[in-house]
file input_26.cif (mmCIF, C-alpha atoms)
data_coords
loop_
_atom_site.label_atom_id
_atom_site.label_comp_id
_atom_site.auth_asym_id
_atom_site.auth_seq_id
_atom_site.Cartn_x
_atom_site.Cartn_y
_atom_site.Cartn_z
CA MET A 1 21.72 46.38 -31.45
CA ARG A 2 21.98 42.87 -32.87
CA SER A 3 20.14 41.97 -36.02
CA ASN A 4 17.08 39.74 -35.99
CA ARG A 5 18.99 37.07 -37.84
CA TYR A 6 21.65 37.00 -35.15
CA VAL A 7 19.06 36.70 -32.38
CA LEU A 8 17.32 33.84 -34.16
CA LEU A 9 20.57 32.05 -34.82
CA PHE A 10 21.72 32.49 -31.23
CA MET A 11 18.48 31.21 -29.71
CA SER A 12 18.27 28.27 -32.09
CA SER A 13 21.84 27.17 -31.38
CA LEU A 14 21.40 27.59 -27.65
CA THR A 15 18.18 25.58 -27.65
CA ILE A 16 19.61 22.81 -29.80
CA ILE A 17 22.81 22.49 -27.77
CA LEU A 18 21.01 22.47 -24.41
CA GLY A 19 18.40 20.10 -25.78
CA ILE A 20 21.05 17.62 -26.89
CA LEU A 21 22.93 17.83 -23.58
CA LEU A 22 19.79 17.27 -21.55
CA SER A 23 18.67 14.35 -23.72
CA LEU A 24 22.07 12.74 -23.33
CA ALA A 25 21.92 13.14 -19.57
CA ALA A 26 18.37 11.81 -19.36
CA THR A 27 19.22 8.77 -21.47
CA ALA A 28 22.33 8.00 -19.46
CA LEU A 29 20.44 8.17 -16.19
CA LYS A 30 17.28 6.40 -17.31
CA ASP A 31 18.22 2.88 -16.22
CA ARG A 32 19.13 3.94 -12.71
CA GLN A 33 15.94 5.96 -12.41
CA GLU A 34 13.88 3.01 -13.64
CA ARG A 35 15.42 0.72 -11.06
CA ASN A 36 14.72 3.29 -8.32
CA VAL A 37 11.08 3.41 -9.34
CA GLN A 38 10.82 -0.39 -9.34
CA ILE A 39 12.37 -0.62 -5.89
CA ASP A 40 10.03 2.08 -4.65
CA MET A 41 7.03 0.15 -6.00
CA LYS A 42 8.16 -3.03 -4.29
CA LYS A 43 8.85 -1.16 -1.07
CA ASN A 44 5.30 0.14 -1.10
CA ILE A 45 3.73 -3.19 -1.93
CA LEU A 46 5.63 -4.60 1.04
CA ARG A 47 4.63 -1.69 3.25
CA SER A 48 0.94 -2.01 2.43
CA LEU A 49 1.23 -5.64 3.53
CA ASP A 50 2.96 -4.63 6.77
CA ILE A 51 6.44 -5.84 5.84
CA PRO A 52 8.63 -5.13 7.74
CA GLU A 53 6.54 -4.74 10.87
CA ASP A 54 9.08 -2.32 12.27
CA ARG A 55 8.50 0.78 10.13
CA SER A 56 11.58 2.61 11.30
CA GLN A 57 13.87 -0.08 9.93
CA LYS A 58 16.04 1.25 7.13
CA LEU A 59 16.10 -1.00 4.08
CA THR A 60 18.63 -1.08 1.28
CA PRO A 61 17.47 -1.80 -2.27
CA ASP A 62 18.86 -5.31 -1.91
CA ASP A 63 16.90 -5.82 1.34
CA ILE A 64 13.74 -4.81 -0.49
CA GLU A 65 14.43 -7.13 -3.41
CA SER A 66 15.05 -10.07 -1.11
CA LEU A 67 11.99 -9.37 1.11
CA PHE A 68 9.88 -9.16 -2.02
CA GLU A 69 11.37 -12.38 -3.33
CA THR A 70 10.75 -14.18 -0.03
CA TYR A 71 7.25 -13.06 0.90
CA ILE A 72 5.41 -11.92 -2.19
CA LYS A 73 3.72 -14.05 -4.79
CA THR A 74 2.53 -12.12 -7.84
CA ILE A 75 -0.52 -13.38 -9.71
CA TYR A 76 -2.70 -11.91 -12.43
CA VAL A 77 -6.48 -12.06 -12.38
CA ASP A 78 -9.24 -11.39 -14.85
CA ALA A 79 -12.51 -9.53 -14.35
CA ASP A 80 -14.16 -12.50 -12.64
CA GLY A 81 -11.34 -13.02 -10.25
CA ASN A 82 -9.89 -16.11 -11.89
CA GLN A 83 -6.18 -16.49 -12.04
CA VAL A 84 -4.76 -16.05 -15.52
CA GLU A 85 -1.31 -16.11 -17.15
CA SER A 86 -1.13 -12.37 -17.45
CA SER A 87 -3.46 -9.40 -17.43
CA ASP A 88 -3.52 -5.76 -16.45
CA ASN A 89 -4.61 -6.68 -12.94
CA PRO A 90 -1.85 -8.03 -10.73
CA VAL A 91 -2.39 -9.11 -7.14
CA TYR A 92 0.53 -9.28 -4.74
CA ILE A 93 -0.06 -11.98 -2.15
CA LYS A 94 1.87 -12.08 1.09
CA VAL A 95 2.77 -15.64 1.95
CA VAL A 96 4.44 -16.44 5.26
CA ASP A 97 5.48 -20.04 5.90
CA GLY A 98 3.03 -21.22 3.28
CA VAL A 99 0.09 -19.31 4.77
CA VAL A 100 -1.59 -16.47 2.89
CA ALA A 101 -1.35 -13.33 5.00
CA GLY A 102 -2.71 -10.59 2.74
CA HIS A 103 -3.60 -9.45 -0.78
CA SER A 104 -2.33 -6.16 -2.18
CA ILE A 105 -3.72 -4.50 -5.29
CA PRO A 106 -2.50 -1.45 -7.17
CA ILE A 107 -4.79 1.58 -7.06
CA SER A 108 -4.38 4.71 -9.11
CA GLY A 109 -6.31 7.58 -10.55
CA LYS A 110 -6.68 11.30 -10.81
CA GLY A 111 -6.11 13.46 -7.75
CA LEU A 112 -6.41 17.20 -7.95
CA TRP A 113 -3.17 18.01 -9.75
CA SER A 114 -1.74 14.66 -10.71
CA THR A 115 -2.23 10.94 -11.04
CA ILE A 116 -1.93 9.25 -7.67
CA TYR A 117 -0.50 5.73 -7.37
CA GLY A 118 -0.80 3.47 -4.37
CA TYR A 119 -1.38 -0.04 -3.08
CA LEU A 120 -4.33 -1.29 -1.04
CA ALA A 121 -3.85 -4.47 0.96
CA ILE A 122 -6.70 -6.63 2.24
CA GLU A 123 -6.51 -9.26 4.98
CA PRO A 124 -6.94 -12.96 4.13
CA ASP A 125 -10.63 -12.63 5.12
CA GLY A 126 -11.18 -10.69 1.89
CA GLU A 127 -12.99 -7.83 3.61
CA THR A 128 -10.74 -6.00 6.09
CA VAL A 129 -8.14 -3.45 5.07
CA LYS A 130 -4.65 -4.49 6.06
CA GLY A 131 -2.87 -1.38 4.88
CA ILE A 132 -2.64 1.29 2.22
CA THR A 133 0.18 3.33 0.74
CA PHE A 134 0.31 6.21 -1.71
CA TYR A 135 3.75 6.28 -3.21
CA LYS A 136 3.63 8.53 -6.25
CA HIS A 137 1.73 11.72 -6.75
CA GLY A 138 2.11 15.41 -7.48
CA GLU A 139 -0.42 16.79 -5.02
CA THR A 140 0.21 19.96 -3.05
CA PRO A 141 2.77 19.38 -0.30
CA GLY A 142 1.12 19.89 3.06
CA LEU A 143 -2.41 19.56 1.71
CA GLY A 144 -3.27 16.78 -0.74
CA GLY A 145 0.27 15.52 -0.31
CA GLU A 146 -0.54 14.50 3.25
CA ILE A 147 -2.33 11.39 1.97
CA GLU A 148 1.02 9.63 1.83
CA LYS A 149 1.77 10.28 5.49
CA GLU A 150 1.47 7.49 8.00
CA TRP A 151 -0.92 9.37 10.25
CA PHE A 152 -3.43 9.34 7.41
CA THR A 153 -2.87 5.89 5.90
CA SER A 154 -3.01 4.22 9.31
CA ASN A 155 -6.68 5.29 9.57
CA PHE A 156 -7.55 2.84 6.82
CA VAL A 157 -6.34 -0.21 8.74
CA GLY A 158 -9.29 -2.26 9.95
CA LYS A 159 -11.88 -0.63 7.70
CA LYS A 160 -14.13 -2.87 5.66
CA ILE A 161 -14.74 -3.16 1.94
CA VAL A 162 -18.12 -4.85 2.41
CA THR A 163 -21.21 -3.78 4.34
CA PRO A 164 -22.31 -5.94 7.30
CA GLU A 165 -24.79 -7.50 4.86
CA GLY A 166 -21.97 -8.53 2.56
CA VAL A 167 -22.51 -5.97 -0.17
CA PRO A 168 -19.24 -4.63 -1.59
CA CYS A 169 -18.62 -1.01 -0.73
CA SER A 170 -15.56 1.16 -1.06
CA ILE A 171 -13.68 3.15 1.56
CA HIS A 172 -14.57 6.83 1.47
CA ILE A 173 -12.57 9.76 2.69
CA PHE A 174 -15.16 11.75 4.58
CA LYS A 175 -15.23 15.54 4.46
CA GLY A 176 -14.41 16.37 8.06
CA LYS A 177 -14.30 14.06 11.02
CA VAL A 178 -16.32 10.84 11.07
CA SER A 179 -18.58 10.91 14.13
CA SER A 180 -18.60 7.81 16.28
CA ASP A 181 -22.33 7.28 15.81
CA ASN A 182 -22.10 7.29 12.03
CA PRO A 183 -23.58 3.91 10.99
CA ARG A 184 -21.20 3.67 8.04
CA LYS A 185 -18.03 4.42 9.92
CA TYR A 186 -16.65 0.98 9.07
CA CYS A 187 -15.94 2.24 5.59
CA LEU A 188 -15.23 5.91 6.27
CA VAL A 189 -11.97 7.70 7.07
CA ASP A 190 -11.52 11.22 8.45
CA GLY A 191 -10.73 13.74 5.73
CA ILE A 192 -7.70 16.02 5.49
CA SER A 193 -8.30 19.71 5.97
CA GLY A 194 -7.54 21.55 2.73
CA ALA A 195 -7.38 18.35 0.68
CA THR A 196 -11.03 17.82 -0.18
CA MET A 197 -10.49 17.58 -3.93
CA THR A 198 -7.63 15.13 -3.54
CA GLY A 199 -9.85 13.06 -1.24
CA LYS A 200 -12.68 13.10 -3.77
CA GLY A 201 -10.31 11.86 -6.46
CA VAL A 202 -9.07 9.06 -4.22
CA ASN A 203 -12.65 8.00 -3.43
CA ILE A 204 -13.46 7.73 -7.11
CA PHE A 205 -10.48 5.71 -8.19
CA MET A 206 -10.47 3.49 -5.10
CA GLU A 207 -14.08 2.55 -5.86
CA LYS A 208 -13.20 1.90 -9.50
CA ASP A 209 -10.23 -0.30 -8.60
CA LEU A 210 -12.13 -2.24 -5.96
CA LYS A 211 -14.77 -2.93 -8.61
CA THR A 212 -12.09 -4.20 -10.99
CA TYR A 213 -10.94 -6.68 -8.35
CA GLY A 214 -14.48 -7.26 -7.04
CA GLY A 215 -14.65 -10.76 -8.49
CA TYR A 216 -11.32 -11.72 -6.91
CA PHE A 217 -12.22 -10.59 -3.39
CA ALA A 218 -15.72 -12.09 -3.64
CA LYS A 219 -14.12 -15.45 -4.40
CA ILE A 220 -11.84 -15.09 -1.38
CA ARG A 221 -14.78 -14.35 0.90
CA GLN A 222 -16.65 -17.33 -0.54
CA ASN A 223 -13.78 -19.68 0.15
CA GLN A 224 -13.60 -18.72 3.83
CA MET B 1 42.92 30.03 -11.30
CA ALA B 2 44.43 32.60 -9.00
CA LEU B 3 41.82 34.19 -6.77
CA ASP B 4 41.99 37.92 -7.21
CA SER B 5 40.57 40.08 -4.47
CA LYS B 6 37.41 40.86 -6.41
CA SER B 7 36.64 37.17 -6.80
CA LYS B 8 37.33 36.53 -3.15
CA GLN B 9 34.97 39.32 -2.23
CA ALA B 10 32.35 37.96 -4.63
CA PHE B 11 32.54 34.73 -2.69
CA THR B 12 32.66 35.97 0.90
CA ASP B 13 30.24 38.86 0.61
CA PRO B 14 27.04 36.84 0.24
CA LEU B 15 27.93 34.41 2.98
CA ILE B 16 27.05 36.69 5.90
CA GLN B 17 27.25 40.41 5.12
CA ASN B 18 25.04 40.32 2.05
CA ASN B 19 23.33 37.03 2.61
CA PRO B 20 20.65 36.62 -0.06
CA ILE B 21 18.03 35.43 2.40
CA THR B 22 18.65 37.70 5.34
CA SER B 23 19.75 40.89 3.58
CA GLN B 24 17.81 40.69 0.37
CA ILE B 25 14.95 38.46 1.51
CA LEU B 26 15.21 36.25 -1.57
CA GLY B 27 14.60 32.52 -1.83
CA ILE B 28 12.25 32.32 1.15
CA CYS B 29 9.75 29.86 -0.28
CA SER B 30 12.04 26.88 -0.40
CA ALA B 31 13.72 28.05 2.80
CA LEU B 32 10.46 27.24 4.53
CA ALA B 33 9.46 24.15 2.63
CA VAL B 34 12.51 21.94 2.71
CA THR B 35 13.84 22.76 6.16
CA VAL B 36 11.71 20.33 8.12
CA LYS B 37 14.68 18.00 8.31
CA MET B 38 18.39 18.60 7.90
CA ASP B 39 19.06 16.03 5.22
CA THR B 40 16.60 17.61 2.77
CA ALA B 41 18.01 21.06 3.55
CA ILE B 42 21.52 19.88 2.73
CA VAL B 43 20.55 18.22 -0.54
CA MET B 44 18.56 21.31 -1.54
CA THR B 45 21.58 23.48 -0.75
CA LEU B 46 23.78 21.30 -2.95
CA ALA B 47 21.28 21.52 -5.79
CA VAL B 48 21.01 25.31 -5.49
CA VAL B 49 24.79 25.80 -5.22
CA PHE B 50 25.21 23.66 -8.32
CA VAL B 51 22.60 25.60 -10.27
CA ILE B 52 23.69 29.11 -9.27
CA SER B 53 27.43 28.59 -9.73
CA PHE B 54 27.12 26.94 -13.11
CA SER B 55 24.39 29.20 -14.43
CA ASN B 56 26.48 32.22 -13.39
CA THR B 57 29.55 30.76 -15.09
CA ILE B 58 27.81 29.79 -18.32
CA ILE B 59 26.00 33.11 -18.60
CA ALA B 60 29.20 35.01 -17.85
CA MET B 61 30.98 33.03 -20.59
CA MET B 62 28.24 33.95 -23.07
CA ARG B 63 27.68 37.49 -21.87
CA LYS B 64 29.31 39.25 -24.79
CA TRP B 65 27.21 37.35 -27.29
CA ILE B 66 23.80 37.32 -25.64
CA PRO B 67 21.48 39.64 -27.55
CA GLY B 68 20.17 42.28 -25.16
CA ARG B 69 16.58 41.85 -26.25
CA VAL B 70 16.37 38.21 -25.21
CA ARG B 71 18.76 38.15 -22.29
CA ILE B 72 16.15 37.19 -19.68
CA ILE B 73 14.98 34.33 -21.86
CA VAL B 74 18.52 33.13 -22.35
CA GLN B 75 19.15 33.24 -18.61
CA LEU B 76 15.93 31.32 -18.00
CA THR B 77 16.87 28.69 -20.56
CA VAL B 78 20.28 28.10 -19.05
CA ILE B 79 18.97 28.01 -15.48
CA ALA B 80 16.06 25.74 -16.39
CA SER B 81 18.38 23.28 -18.13
CA LEU B 82 20.63 23.10 -15.09
CA VAL B 83 17.63 22.61 -12.82
CA ILE B 84 16.36 19.75 -14.98
CA LEU B 85 19.82 18.22 -14.92
CA ALA B 86 19.98 18.49 -11.12
CA ASP B 87 16.55 16.94 -10.81
CA GLN B 88 17.43 14.04 -13.11
CA VAL B 89 20.65 13.31 -11.22
CA LEU B 90 18.80 13.36 -7.89
CA ARG B 91 16.19 10.95 -9.21
CA ALA B 92 18.93 8.60 -10.31
CA TYR B 93 21.22 8.75 -7.30
CA MET B 94 19.18 9.98 -4.33
CA TYR B 95 15.69 8.80 -5.13
CA ASP B 96 14.19 8.86 -1.63
CA ILE B 97 15.40 12.37 -0.92
CA SER B 98 14.27 13.54 -4.36
CA LYS B 99 10.77 12.34 -3.46
CA GLN B 100 10.84 14.32 -0.25
CA LEU B 101 12.03 17.40 -2.10
CA SER B 102 9.28 16.71 -4.65
CA VAL B 103 8.53 19.83 -6.67
CA PHE B 104 10.97 22.11 -4.90
CA VAL B 105 14.00 21.14 -6.95
CA GLY B 106 12.07 22.01 -10.09
CA LEU B 107 11.07 25.28 -8.43
CA ILE B 108 14.71 26.37 -8.08
CA ILE B 109 14.16 28.10 -11.41
CA THR B 110 11.71 30.43 -9.66
CA ASN B 111 14.15 31.16 -6.86
CA CYS B 112 14.89 34.86 -7.22
CA ILE B 113 18.45 34.37 -6.08
CA VAL B 114 19.40 32.47 -9.23
CA MET B 115 17.90 34.89 -11.76
CA GLY B 116 18.94 37.82 -9.60
CA ARG B 117 22.62 36.89 -9.66
CA ALA B 118 22.51 36.03 -13.35
CA GLU B 119 21.19 39.46 -14.23
CA ALA B 120 23.02 41.52 -11.63
CA PHE B 121 26.42 39.87 -11.67
CA ALA B 122 26.99 37.25 -14.34
CA MET B 123 26.06 39.59 -17.17
CA GLN B 124 28.78 42.05 -16.15
CA ASN B 125 31.61 39.91 -14.85
CA PRO B 126 34.13 37.36 -16.12
CA PRO B 127 33.30 33.65 -15.63
CA GLY B 128 35.78 32.95 -12.84
CA ARG B 129 34.45 35.73 -10.68
CA ALA B 130 30.85 34.88 -11.59
CA PHE B 131 31.44 31.31 -10.46
CA MET B 132 32.70 32.53 -7.09
CA ASP B 133 29.71 34.83 -6.72
CA GLY B 134 27.37 31.95 -7.51
CA LEU B 135 29.16 29.74 -5.03
CA GLY B 136 29.00 32.42 -2.34
CA ASN B 137 25.31 33.12 -2.83
CA GLY B 138 24.45 29.44 -2.94
CA LEU B 139 26.37 28.76 0.24
CA GLY B 140 24.94 31.86 1.93
CA TYR B 141 21.49 30.52 1.12
CA GLY B 142 22.58 27.12 2.37
CA ILE B 143 23.88 28.43 5.68
CA ILE B 144 20.46 29.89 6.46
CA LEU B 145 18.64 26.80 5.21
CA ILE B 146 20.69 24.47 7.33
CA SER B 147 20.39 26.71 10.40
CA VAL B 148 16.61 26.82 10.09
CA ALA B 149 16.48 23.07 9.49
CA PHE B 150 18.67 22.44 12.52
CA PHE B 151 16.25 24.22 14.86
CA ARG B 152 13.14 22.88 13.19
CA GLU B 153 14.32 19.30 13.35
CA ILE B 154 15.59 19.50 16.94
CA PHE B 155 12.57 21.25 18.39
CA GLY B 156 9.96 19.82 16.04
CA SER B 157 11.03 16.18 15.87
CA GLY B 158 13.70 15.77 18.51
CA THR B 159 16.18 14.39 15.99
CA ILE B 160 19.26 15.39 14.01
CA PHE B 161 19.65 13.70 10.64
CA GLY B 162 16.98 11.28 11.77
CA TYR B 163 18.84 10.23 14.90
CA SER B 164 16.88 10.78 18.09
CA ILE B 165 18.94 12.93 20.40
CA ILE B 166 16.53 14.08 23.07
CA PRO B 167 17.04 11.57 25.88
CA GLN B 168 14.02 9.47 26.71
CA THR B 169 14.17 10.70 30.33
CA LEU B 170 13.19 14.19 29.16
CA TYR B 171 10.20 12.80 27.32
CA ASP B 172 9.19 10.81 30.37
CA ALA B 173 9.45 13.94 32.48
CA GLY B 174 6.80 15.59 30.32
CA TYR B 175 8.76 17.18 27.48
CA SER B 176 7.19 16.73 24.07
CA ASN B 177 8.22 17.80 20.58
CA ALA B 178 6.90 21.21 19.59
CA GLY B 179 4.87 20.29 16.51
CA LEU B 180 4.62 23.96 15.56
CA PHE B 181 8.18 23.88 14.26
CA VAL B 182 7.38 21.16 11.77
CA LEU B 183 4.73 23.42 10.26
CA SER B 184 5.14 26.67 8.32
CA PRO B 185 4.43 29.05 11.20
CA GLY B 186 7.36 27.61 13.11
CA ALA B 187 9.56 27.99 10.04
CA PHE B 188 8.56 31.65 9.65
CA ILE B 189 9.30 32.31 13.31
CA ILE B 190 12.76 30.76 13.21
CA LEU B 191 13.59 32.43 9.90
CA GLY B 192 12.47 35.78 11.29
CA LEU B 193 14.64 35.35 14.35
CA ILE B 194 17.65 34.42 12.22
CA ILE B 195 17.16 37.40 9.92
CA TRP B 196 16.89 39.66 12.97
CA GLY B 197 19.99 38.16 14.54
CA LEU B 198 22.12 38.29 11.40
CA ARG B 199 21.06 41.82 10.49
CA THR B 200 21.92 43.01 13.98
CA VAL B 201 25.38 41.50 13.68
CA THR B 202 26.00 42.84 10.17
CA LYS B 203 24.26 46.16 10.82
CA VAL B 204 22.05 45.82 7.74
CA GLU B 205 18.98 48.03 7.81
CA GLU B 206 16.01 48.61 5.54
CA ALA B 207 16.43 51.88 3.65
#
call {"tool": "encode", "arguments": {"input": "input_26.cif", "output": "structure tokens"}}
result
Amino acid sequence: MRSNRYVLLFMSSLTIILGILLSLAATALKDRQERNVQIDMKKNILRSLDIPEDRSQKLTPDDIESLFETYIKTIYVDADGNQVESSDNPVYIKVVDGVVAGHSIPISGKGLWSTIYGYLAIEPDGETVKGITFYKHGETPGLGGEIEKEWFTSNFVGKKIVTPEGVPCSIHIFKGKVSSDNPRKYCLVDGISGATMTGKGVNIFMEKDLKTYGGYFAKIRQNQ
Amino acid sequence: MALDSKSKQAFTDPLIQNNPITSQILGICSALAVTVKMDTAIVMTLAVVFVISFSNTIIAMMRKWIPGRVRIIVQLTVIASLVILADQVLRAYMYDISKQLSVFVGLIITNCIVMGRAEAFAMQNPPGRAFMDGLGNGLGYGIILISVAFFREIFGSGTIFGYSIIPQTLYDAGYSNAGLFVLSPGAFIILGLIIWGLRTVTKVEEA
């Protein structure tokens, strides 16, 4: 049987060698991975704003870059909704032929197992949801992971972020199916079976993010 | 490297006769999860083939020096490193597919086939032969994966590699995609049928 010293030496060398090899690989691949993540972000900003309208169209990274370049104007806003040079709160505005066609904001927060990242797009009226995407998360495939599927995100389109009286509210994922005589159905979406905790997490961070951009959307509604 | 008969057998055995999924019922979890479409099944197969063949080879190269007391840990370390490497490469070069595979590439380390071969074969055989065994087991796993994915995608989504192949006239006549095959129950059913079929052909029976 090998001596303790041998075992220690063997394990240390193995760990160090593998560690170095993996670090080298990770460093070498980092730039490509970064670019992939950026493209994915842009693809999702575009998708939340309904670009391209034909969802089955396959886009290359260059297509995405050029669509983003053409249609999206990025601005930064402060807590009151005024445009500033730079801040932690970007807004991606869809502009088609000089006309504003939508505002997309980043949303993110804790799901059940992971941080969920997405984009929420609002119509030029400042109160109707244009689209939503969830592009990065580590939720359970088939359960919480279903939030990224089109069948779920399409339920958000047309919902409102203000009550009929004009008070800001957030969209809530309901536990179960929203009945058609529910008076608040304009801001409720059917839940996903088996994904209650993920849904709860989304409700919390969506409300938080809508509050962050509350000033911005209020200004848009005012200027109607 | 001349292929001696033992190496050849190490390669061909696990393809059909001793297929890891159908004969030994190993690696089922990912066989169900990533077979909704064929492209994810193929990429998963490539990742698993890469991991098993190289982990087998590396462990076989080290086998005379690995202390017996920590051999499982050593195997785990090697396999885990290869899995991380595979995951990193996928994220760099096949980002969209890596997102669809999500956690399942990382879970290759839990796939019993990989550890099983490392312990049962790589520890007692020279590297060349261990590589062939890894290749054979990985491809045997892949054959089943791709077969399951083929049926699931055709019956569940009406496509192959994303291309719609059921003619519209059939849809108009009332045919619709069997959603069951996109879900786990459908995967279990197809896998069960394949295991039954292959075992009948190879005359493998439970003891």
call {"tool": "interface_residues", "arguments": {"input": "input_26.cif", "of": "chain B", "to": "chain A", "cutoff": "8 Å", "atoms": "only C-alpha atoms", "output": "list of chain:residue names"}}
result
B:Ile66, B:Pro67, B:Gly68, B:Val70, B:Val74, B:Thr77, B:Val78, B:Ser81, B:Ile84, B:Leu85, B:Gln88, B:Val89, B:Arg91, B:Ala92, B:Tyr93, B:Tyr95, B:Ser102, B:Val103
call {"tool": "residues_around", "arguments": {"input": "input_26.cif", "residues": "A:Gln57", "least_positions_apart": "5", "cutoff": "12 Å", "atoms": "only C-alpha atoms", "output": "list of chain:residue names"}}
result
A:Arg47, A:Ile51, A:Pro52, A:Asp63, A:Ile64, B:Gly162
call {"tool": "write_last_selection", "arguments": {"input": "input_26.cif", "atoms": "C-alpha atoms", "output": "short mmCIF file (atom, residue, chain, number, x, y, z; two decimals), keeping the file's coordinate frame"}}
result
data_model
loop_
_atom_site.label_atom_id
_atom_site.label_comp_id
_atom_site.auth_asym_id
_atom_site.auth_seq_id
_atom_site.Cartn_x
_atom_site.Cartn_y
_atom_site.Cartn_z
CA ARG A 47 4.63 -1.69 3.25
CA ILE A 51 6.44 -5.84 5.84
CA PRO A 52 8.63 -5.13 7.74
CA ASP A 63 16.90 -5.82 1.34
CA ILE A 64 13.74 -4.81 -0.49
CA GLY B 162 16.98 11.28 11.77
#
call {"tool": "atom_distance", "arguments": {"input": "input_26.cif", "atom1": "atom CA of B:Phe11", "atom2": "atom CA of B:Phe150"}}
result
24.0 Å
call {"tool": "resolve_selection", "arguments": {"input": "input_26.cif", "expression": "the PyMOL selection byres ((chain A and resi 88-96) around 9)", "output": "VMD selection string"}}
result
chain A and resid 45 to 46 49 70 to 79 86 to 87 97 to 106 121 212 to 213
call {"tool": "atom_distance", "arguments": {"input": "input_26.cif", "atom1": "atom CA of A:Trp151", "atom2": "atom CA of A:Phe134"}}
result
12.4 Å
call {"tool": "atom_distance", "arguments": {"input": "input_26.cif", "atom1": "atom CA of A:Gly199", "atom2": "atom CA of A:Glu148"}}
result
11.8 Å
call {"tool": "residues_around", "arguments": {"input": "input_26.cif", "residues": "A:Pro168", "least_positions_apart": "4", "cutoff": "9 Å", "atoms": "all atoms listed in the file", "output": "PyMOL selection string"}}
result
chain A and resi 127+161-163+210-211+214+218
call {"tool": "axis_aligned_box", "arguments": {"input": "input_26.cif", "around": "stretch 81-94 of chain B", "padding_each_side": "4 Å", "output": "AutoDock Vina command-line options"}}
result
--center_x 18.7 --center_y 15.9 --center_z -11.2 --size_x 13.0 --size_y 22.7 --size_z 21.8
call {"tool": "resolve_selection", "arguments": {"input": "input_26.cif", "expression": "the PyMOL selection byres ((chain B and resi 155) around 10)", "output": "list in words"}}
result
Ala149, Phe150, Phe151, Arg152, Glu153, Ile154, Gly156, Ser157, Gly158, Thr159, Ile160, Ile166, Ser176, Asn177, Ala178, Gly179, Leu180, Phe181, Val182 and Gly186 of chain B
call {"tool": "resolve_selection", "arguments": {"input": "input_26.cif", "expression": "the PyMOL selection byres ((chain B and resi 128-131) around 8)", "output": "ChimeraX atom specification"}}
result
/B:1,6-7,10,53-54,56-57,60,121-122,125-127,132-135
call {"tool": "closest_residue", "arguments": {"input": "input_26.cif", "among": "A:Ser170, A:Gln224, A:Asn203, A:Thr153", "to": "A:Lys185", "atoms": "all atoms listed in the file"}}
result
A:Ser170
call {"tool": "residues_around", "arguments": {"input": "input_26.cif", "residues": "B:Leu26", "least_positions_apart": "6", "cutoff": "7 Å", "atoms": "all atoms listed in the file", "output": "ChimeraX atom specification"}}
result
/B:20,112-113
call {"tool": "write_last_selection", "arguments": {"input": "input_26.cif", "atoms": "C-alpha atoms", "output": "CSV table (one decimal), in the frame of the given file"}}
result
chain,number,residue,atom,x,y,z
B,20,PRO,CA,20.6,36.6,-0.1
B,112,CYS,CA,14.9,34.9,-7.2
B,113,ILE,CA,18.4,34.4,-6.1
call {"tool": "residues_near_point", "arguments": {"input": "input_26.cif", "point": "(24.3, 32.9, -1.7)", "cutoff": "8 Å", "atoms": "only C-alpha atoms", "output": "list in words"}}
result
Pro14, Leu15, Asn19, Pro20, Ile21, Val49, Ile113, Asp133, Gly134, Leu135, Gly136, Asn137, Gly138, Leu139, Gly140, Tyr141 and Gly142 of chain B
call {"tool": "closest_residue", "arguments": {"input": "input_26.cif", "among": "B:Val34, B:Asp4, B:Ser23, B:Ile97", "to": "B:Ile194", "atoms": "all atoms listed in the file"}}
result
B:Ser23
call {"tool": "residues_around", "arguments": {"input": "input_26.cif", "residues": "A:Lys159", "least_positions_apart": "6", "cutoff": "9 Å", "atoms": "only C-alpha atoms", "output": "list in words"}}
result
Glu127, Thr128, Val129, Lys130, Ile171, Lys185, Tyr186, Cys187, Leu188 and Val189 of chain A
